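Note: the block below is query_8.cif and it holds mmCIF, C-alpha atoms.
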data_work
loop_
_atom_site.group_PDB
_atom_site.id
_atom_site.type_symbol
_atom_site.label_atom_id
_atom_site.label_comp_id
_atom_site.auth_asym_id
_atom_site.auth_seq_id
_atom_site.Cartn_x
_atom_site.Cartn_y
_atom_site.Cartn_z
ATOM 1 C CA MET A 219 48.543 15.411 68.680
ATOM 2 C CA SER A 220 44.852 14.854 68.758
ATOM 3 C CA ILE A 221 42.564 15.071 65.673
ATOM 4 C CA LEU A 222 39.438 17.112 66.162
ATOM 5 C CA SER A 223 36.305 15.380 64.877
ATOM 6 C CA PRO A 224 33.628 17.608 63.315
ATOM 7 C CA SER A 225 30.645 18.462 65.422
ATOM 8 C CA SER A 226 27.408 16.582 64.679
ATOM 9 C CA HIS A 227 25.468 19.869 64.780
ATOM 10 C CA LEU A 228 27.757 21.364 62.125
ATOM 11 C CA LEU A 229 27.267 18.389 59.782
ATOM 12 C CA GLN A 230 23.496 18.539 60.107
ATOM 13 C CA ARG A 231 23.487 22.275 59.348
ATOM 14 C CA GLN A 232 25.629 21.777 56.202
ATOM 15 C CA LEU A 233 23.411 18.952 54.899
ATOM 16 C CA HIS A 234 20.277 21.023 55.523
ATOM 17 C CA HIS A 235 21.789 23.995 53.621
ATOM 18 C CA LYS A 236 22.713 21.783 50.632
ATOM 19 C CA HIS A 237 19.235 20.269 50.514
ATOM 20 C CA SER A 238 17.638 23.731 50.562
ATOM 21 C CA GLN A 239 19.753 24.829 47.578
ATOM 22 C CA GLN A 240 18.676 21.794 45.551
ATOM 23 C CA LEU A 241 15.034 22.584 46.194
ATOM 24 C CA GLN A 242 15.439 26.216 45.169
ATOM 25 C CA GLU A 243 17.458 25.587 41.970
ATOM 26 C CA PRO A 244 15.136 24.940 38.991
ATOM 27 C CA ASN A 245 15.717 21.901 36.781
ATOM 28 C CA TRP A 246 16.511 23.190 33.305
ATOM 29 C CA SER A 247 16.686 19.776 31.608
ATOM 30 C CA LYS A 248 15.300 19.392 28.092
ATOM 31 C CA SER A 249 12.382 17.344 29.346
ATOM 32 C CA THR A 250 11.039 20.291 31.340
ATOM 33 C CA LEU A 251 11.646 22.980 28.737
ATOM 34 C CA ILE A 252 8.254 23.425 27.046
ATOM 35 C CA LYS A 253 7.627 26.287 24.683
ATOM 36 C CA THR A 254 4.369 28.059 25.315
ATOM 37 C CA HIS A 255 2.638 30.635 23.155
ATOM 38 C CA GLY A 256 -0.130 32.842 24.364
ATOM 39 C CA PHE A 257 -2.225 32.026 27.425
ATOM 40 C CA GLY A 258 0.258 29.341 28.466
ATOM 41 C CA PHE A 259 -0.716 26.999 25.580
ATOM 42 C CA ASP A 260 1.556 23.989 25.157
ATOM 43 C CA ARG A 261 3.178 23.947 21.725
ATOM 44 C CA ARG A 262 3.338 20.157 21.763
ATOM 45 C CA LYS A 263 -0.452 19.944 21.967
ATOM 46 C CA LEU A 264 -0.750 22.159 18.902
ATOM 47 C CA ASP A 265 1.598 19.848 16.998
ATOM 48 C CA GLN A 266 -0.489 16.852 18.045
ATOM 49 C CA TRP A 267 -3.677 18.514 16.810
ATOM 50 C CA THR A 268 -1.986 19.351 13.504
ATOM 51 C CA LYS A 269 -0.928 15.718 12.992
ATOM 52 C CA ILE A 270 -4.480 14.533 13.703
ATOM 53 C CA MET A 271 -5.895 17.013 11.193
ATOM 54 C CA LYS A 272 -3.446 15.904 8.497
ATOM 55 C CA LYS A 273 -4.404 12.279 9.092
ATOM 56 C CA ASP A 274 -8.112 13.106 8.833
ATOM 57 C CA CYS A 275 -7.544 15.013 5.601
ATOM 58 C CA LYS A 276 -5.714 12.047 4.059
ATOM 59 C CA VAL A 277 -8.515 9.653 4.993
ATOM 60 C CA GLU A 278 -11.200 11.934 3.608
ATOM 61 C CA ALA A 279 -9.249 12.720 0.443
ATOM 62 C CA PHE A 280 -8.992 9.094 -0.607
ATOM 63 C CA GLY A 281 -12.098 7.671 1.037
ATOM 64 C CA GLU A 282 -12.256 3.929 1.027
ATOM 65 C CA LEU A 283 -9.248 1.867 0.029
ATOM 66 C CA SER A 284 -8.851 1.942 -3.741
ATOM 67 C CA ARG A 285 -8.308 -1.105 -5.866
ATOM 68 C CA PRO A 286 -4.720 -2.317 -6.222
ATOM 69 C CA ASP A 287 -2.529 -0.977 -9.004
ATOM 70 C CA PHE A 288 -1.632 -4.515 -10.056
ATOM 71 C CA ILE A 289 -2.637 -8.102 -9.346
ATOM 72 C CA GLU A 290 0.094 -10.720 -9.428
ATOM 73 C CA MET A 291 -0.644 -13.538 -11.839
ATOM 74 C CA GLU A 292 -0.928 -16.986 -10.309
ATOM 75 C CA PRO A 293 1.472 -19.527 -11.882
ATOM 76 C CA ILE A 294 0.147 -22.743 -13.386
ATOM 77 C CA THR A 295 2.383 -25.719 -12.594
ATOM 78 C CA ASP A 296 1.103 -28.683 -14.617
ATOM 79 C CA VAL A 297 -1.753 -30.061 -16.734
ATOM 80 C CA ASP A 298 -3.790 -31.142 -13.726
ATOM 81 C CA HIS A 299 -3.520 -27.653 -12.272
ATOM 82 C CA LEU A 300 -4.671 -26.157 -15.579
ATOM 83 C CA ASN A 301 -7.622 -28.558 -15.767
ATOM 84 C CA LEU A 302 -8.648 -27.637 -12.228
ATOM 85 C CA ILE A 303 -8.508 -23.901 -13.008
ATOM 86 C CA LEU A 304 -10.507 -24.332 -16.210
ATOM 87 C CA GLU A 305 -13.138 -26.480 -14.478
ATOM 88 C CA GLN A 306 -13.586 -23.962 -11.664
ATOM 89 C CA ALA A 307 -13.778 -21.107 -14.173
ATOM 90 C CA LYS A 308 -16.363 -23.004 -16.212
ATOM 91 C CA GLN A 309 -18.572 -23.591 -13.189
ATOM 92 C CA ALA A 310 -18.325 -19.910 -12.293
ATOM 93 C CA SER A 311 -18.834 -18.800 -15.926
ATOM 94 C CA GLN A 312 -15.524 -17.018 -15.572
ATOM 95 C CA PRO A 313 -13.017 -16.739 -18.442
ATOM 96 C CA VAL A 314 -9.295 -16.694 -17.734
ATOM 97 C CA ILE A 315 -6.249 -15.088 -19.306
ATOM 98 C CA ILE A 316 -3.062 -17.203 -19.490
ATOM 99 C CA ASP A 317 0.326 -15.640 -20.178
ATOM 100 C CA TRP A 318 2.682 -18.252 -21.640
ATOM 101 C CA MET A 319 6.203 -16.938 -21.056
ATOM 102 C CA ALA A 320 9.801 -17.896 -20.299
ATOM 103 C CA ALA A 321 12.311 -16.485 -17.825
ATOM 104 C CA TRP A 322 14.934 -16.051 -20.562
ATOM 105 C CA CYS A 323 12.534 -14.088 -22.818
ATOM 106 C CA ARG A 324 13.189 -10.371 -22.443
ATOM 107 C CA LYS A 325 9.872 -9.379 -23.993
ATOM 108 C CA CYS A 326 8.109 -11.696 -21.560
ATOM 109 C CA ILE A 327 9.796 -9.980 -18.613
ATOM 110 C CA TYR A 328 8.803 -6.524 -19.895
ATOM 111 C CA LEU A 329 5.241 -7.617 -20.593
ATOM 112 C CA LYS A 330 4.465 -9.367 -17.310
ATOM 113 C CA PRO A 331 4.113 -6.266 -15.049
ATOM 114 C CA LYS A 332 1.924 -4.596 -17.673
ATOM 115 C CA LEU A 333 -0.350 -7.620 -17.747
ATOM 116 C CA GLU A 334 -0.545 -7.579 -13.953
ATOM 117 C CA LYS A 335 -1.545 -3.936 -14.134
ATOM 118 C CA LEU A 336 -4.182 -4.835 -16.718
ATOM 119 C CA ALA A 337 -5.424 -7.561 -14.387
ATOM 120 C CA ALA A 338 -6.184 -4.866 -11.794
ATOM 121 C CA GLU A 339 -8.218 -2.952 -14.356
ATOM 122 C CA CYS A 340 -10.350 -5.978 -15.176
ATOM 123 C CA ASP A 341 -13.415 -6.928 -13.239
ATOM 124 C CA THR A 342 -13.203 -9.737 -10.699
ATOM 125 C CA LYS A 343 -14.902 -12.024 -13.214
ATOM 126 C CA LEU A 344 -11.671 -12.247 -15.211
ATOM 127 C CA LYS A 345 -8.554 -13.856 -13.689
ATOM 128 C CA PHE A 346 -4.981 -13.818 -14.997
ATOM 129 C CA TYR A 347 -2.522 -16.720 -14.845
ATOM 130 C CA CYS A 348 1.000 -17.311 -16.118
ATOM 131 C CA VAL A 349 3.031 -20.321 -17.244
ATOM 132 C CA ASP A 350 6.830 -20.423 -17.322
ATOM 133 C CA VAL A 351 7.313 -23.017 -20.044
ATOM 134 C CA ASN A 352 10.835 -23.860 -18.828
ATOM 135 C CA ASN A 353 9.653 -24.802 -15.342
ATOM 136 C CA VAL A 354 6.643 -26.967 -16.210
ATOM 137 C CA PRO A 355 6.165 -30.328 -17.967
ATOM 138 C CA GLN A 356 6.184 -30.113 -21.755
ATOM 139 C CA ALA A 357 2.698 -31.624 -21.779
ATOM 140 C CA LEU A 358 1.384 -28.347 -20.361
ATOM 141 C CA ALA A 359 2.915 -26.296 -23.193
ATOM 142 C CA LYS A 360 1.503 -28.772 -25.721
ATOM 143 C CA ARG A 361 -1.932 -28.374 -24.150
ATOM 144 C CA GLY A 362 -1.788 -24.678 -24.989
ATOM 145 C CA ASN A 363 -0.286 -25.417 -28.424
ATOM 146 C CA ILE A 364 2.469 -22.899 -27.678
ATOM 147 C CA SER A 365 5.146 -22.230 -30.297
ATOM 148 C CA LYS A 366 6.216 -18.660 -29.495
ATOM 149 C CA MET A 367 6.631 -16.560 -26.376
ATOM 150 C CA PRO A 368 5.055 -14.525 -25.073
ATOM 151 C CA THR A 369 1.598 -15.798 -26.004
ATOM 152 C CA ILE A 370 -1.461 -14.480 -24.197
ATOM 153 C CA GLN A 371 -4.566 -16.635 -24.469
ATOM 154 C CA LEU A 372 -8.171 -16.209 -23.419
ATOM 155 C CA TRP A 373 -9.818 -19.454 -22.250
ATOM 156 C CA LYS A 374 -13.538 -19.882 -21.724
ATOM 157 C CA ASP A 375 -15.692 -22.955 -21.071
ATOM 158 C CA GLY A 376 -12.572 -25.106 -20.942
ATOM 159 C CA GLU A 377 -11.362 -24.100 -24.410
ATOM 160 C CA MET A 378 -8.918 -21.593 -25.835
ATOM 161 C CA LYS A 379 -10.991 -18.933 -27.609
ATOM 162 C CA SER A 380 -8.455 -16.337 -28.710
ATOM 163 C CA GLU A 381 -4.779 -15.445 -28.402
ATOM 164 C CA VAL A 382 -2.272 -12.639 -28.898
ATOM 165 C CA ILE A 383 1.352 -13.384 -29.770
ATOM 166 C CA GLY A 384 3.478 -10.662 -28.197
ATOM 167 C CA GLY A 385 6.139 -10.037 -30.786
ATOM 168 C CA GLY A 386 5.879 -6.247 -30.755
ATOM 169 C CA LYS A 387 6.239 -3.539 -28.149
ATOM 170 C CA ALA A 388 4.727 -4.264 -24.773
ATOM 171 C CA SER A 389 2.347 -1.310 -24.972
ATOM 172 C CA LEU A 390 1.005 -2.478 -28.359
ATOM 173 C CA VAL A 391 0.604 -6.040 -27.087
ATOM 174 C CA ILE A 392 -1.392 -4.771 -24.100
ATOM 175 C CA GLU A 393 -3.724 -2.900 -26.443
ATOM 176 C CA GLU A 394 -4.264 -6.096 -28.426
ATOM 177 C CA VAL A 395 -5.055 -7.964 -25.213
ATOM 178 C CA ARG A 396 -7.503 -5.220 -24.246
ATOM 179 C CA GLU A 397 -9.220 -5.565 -27.592
ATOM 180 C CA MET A 398 -9.363 -9.351 -27.200
ATOM 181 C CA ILE A 399 -11.058 -8.917 -23.808
ATOM 182 C CA ARG A 400 -13.560 -6.392 -25.166
ATOM 183 C CA ASN A 401 -14.480 -8.704 -28.048
ATOM 184 C CA PHE A 402 -15.845 -11.137 -25.471
ATOM 185 C CA ASN A 403 -17.850 -8.368 -23.770
ATOM 186 C CA LEU A 404 -15.757 -8.617 -20.624
ATOM 187 C CA PRO A 405 -15.699 -5.588 -18.289
ATOM 188 C CA LEU A 406 -12.680 -3.343 -17.935
ATOM 189 C CA VAL A 407 -12.336 -0.641 -15.279
ATOM 190 C CA GLU A 408 -10.417 2.431 -16.353
ATOM 191 C CA PRO A 409 -7.505 3.226 -13.961
ATOM 192 C CA SER A 410 -8.605 6.833 -13.450
ATOM 193 C CA ARG A 411 -11.911 5.658 -11.998
ATOM 194 C CA HIS A 412 -10.410 3.766 -9.072
ATOM 195 C CA SER A 413 -6.922 5.218 -8.557
ATOM 196 C CA PHE A 414 -8.165 8.681 -7.544
ATOM 197 C CA PRO A 415 -11.641 8.532 -6.017
ATOM 198 C CA PRO A 416 -13.452 11.847 -5.485
ATOM 199 C CA PRO A 417 -12.885 13.449 -2.081
ATOM 200 C CA LEU A 418 -15.572 13.020 0.536
ATOM 201 C CA SER A 419 -17.173 15.828 2.525
ATOM 202 C CA PRO A 420 -15.590 16.322 5.954
ATOM 203 C CA SER A 421 -17.161 14.502 8.876
ATOM 204 C CA PRO A 422 -18.646 16.448 11.828
ATOM 205 C CA THR A 423 -15.725 15.359 14.030
ATOM 206 C CA THR A 424 -13.191 16.686 11.536
ATOM 207 C CA THR A 425 -15.097 19.947 11.199
ATOM 208 C CA ARG A 426 -15.010 20.493 14.981
ATOM 209 C CA ARG A 427 -11.283 19.713 15.053
ATOM 210 C CA ARG A 428 -10.611 22.222 12.286
ATOM 211 C CA LYS A 429 -12.529 24.948 14.103
ATOM 212 C CA HIS A 430 -10.705 24.180 17.331
ATOM 213 C CA LEU A 431 -7.312 24.229 15.642
ATOM 214 C CA THR A 432 -8.150 27.502 13.859
ATOM 215 C CA SER A 433 -9.159 29.178 17.127
ATOM 216 C CA ILE A 434 -5.935 28.007 18.795
ATOM 217 C CA THR A 435 -3.789 29.237 15.907
ATOM 218 C CA ASN A 436 -5.481 32.658 15.867
ATOM 219 C CA SER A 437 -4.861 33.095 19.590
ATOM 220 C CA LEU A 438 -1.097 32.592 19.229
#
For the file at hand, write its structure as structure tokens.
Amino acid sequence: MSILSPSSHLLQRQLHHKHSQQLQEPNWSKSTLIKTHGFGFDRRKLDQWTKIMKKDCKVEAFGELSRPDFIEMEPITDVDHLNLILEQAKQASQPVIIDWMAAWCRKCIYLKPKLEKLAAECDTKLKFYCVDVNNVPQALAKRGNISKMPTIQLWKDGEMKSEVIGGGKASLVIEEVREMIRNFNLPLVEPSRHSFPPPLSPSPTTTRRRKHLTSITNSL
């Protein structure tokens, strides 16, 4: 019994019919489904314009980069390091604040971030340092004549000029340190003056973008 092989003309006609169906059937994949609103406008473009406008508003609201909320205190490691810092500060006519603390002292731990926040409020002419008395040679603690922790000292012209012993609440100690700084006529910048700068007027580019976005939204 012989097996009939399909005709070559029949195979070509079937392949042509299948190819025609594929061309006629639309591709309804997610990548081709684009929502349009009014006059064939692409919704994705509107979202992109909205993101750009939000970014412009943020930049204009805050203007230039504000000063940091805190400045981490640089640790002093030994007597030679302290002498170098004091000599550089003396040449620059720059006083320094030194926080003498210990890792085991709970009040020291609570006070340190508040001092770093105060450091950000001070002008760049006043630098803050810290000394962990348990991790430095005892000669360094003797140089500062430290007997209690935390002790915050103001040094100027290579000498210790004033100090605050932080035995009370951290907020009260910070106020005493503020007063010590003011007594030496050193500048302080209030946080409200640099944390929230006044908004700037919109740029011409932003104004055009707003008008364009408004016209697109009204046409939807």
Result set of the PyMOL selection byres ((chain A and resi 321) around 12) on the coordinates above, as a PyMOL selection string
chain A and resi 318-320+322-330+348-353+367-368
Applied to the shown file, which residues does the PyMOL selection byres ((chain A and resi 301-310) around 8) return, written as a count of residues only?
12
Write out as a list in words which residues come within 9 Å of A:Ala357 when counting all atoms listed in the file, dropping same-chain ones fewer than 4 positions away.
Asp296, Val297, Arg361 and Gly362 of chain A
Selection export as a tab-separated table (two decimals), keeping the file's coordinate frame, atoms kept: C-alpha atoms:
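So result-v9.tsv came out as:
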chain	number	residue	atom	x	y	z
A	296	ASP	CA	1.10	-28.68	-14.62
A	297	VAL	CA	-1.75	-30.06	-16.73
A	361	ARG	CA	-1.93	-28.37	-24.15
A	362	GLY	CA	-1.79	-24.68	-24.99
Atomic separation - atom CA of A:Ile315 relative to atom CA of A:Met378, Å
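These atoms are spaced 9.6 Å apart.
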Calculate how many Å separate atom CA of A:Gln371 from atom CA of A:Ile399, rounding to one decimal.
10.1 Å
From the list A:Thr295, A:Thr432, A:Ser365, A:Ser380, which residue is nearest A:Glu394 when using all atoms listed in the file?
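Selected residue with least distance to A:Glu394: A:Ser380.
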Take the PyMOL selection byres ((chain A and resi 401-403) around 10), run it mentally on this structure, and tell me the resulting residues as a VMD selection string.
chain A and resid 313 372 374 379 to 380 395 to 400 404 to 406
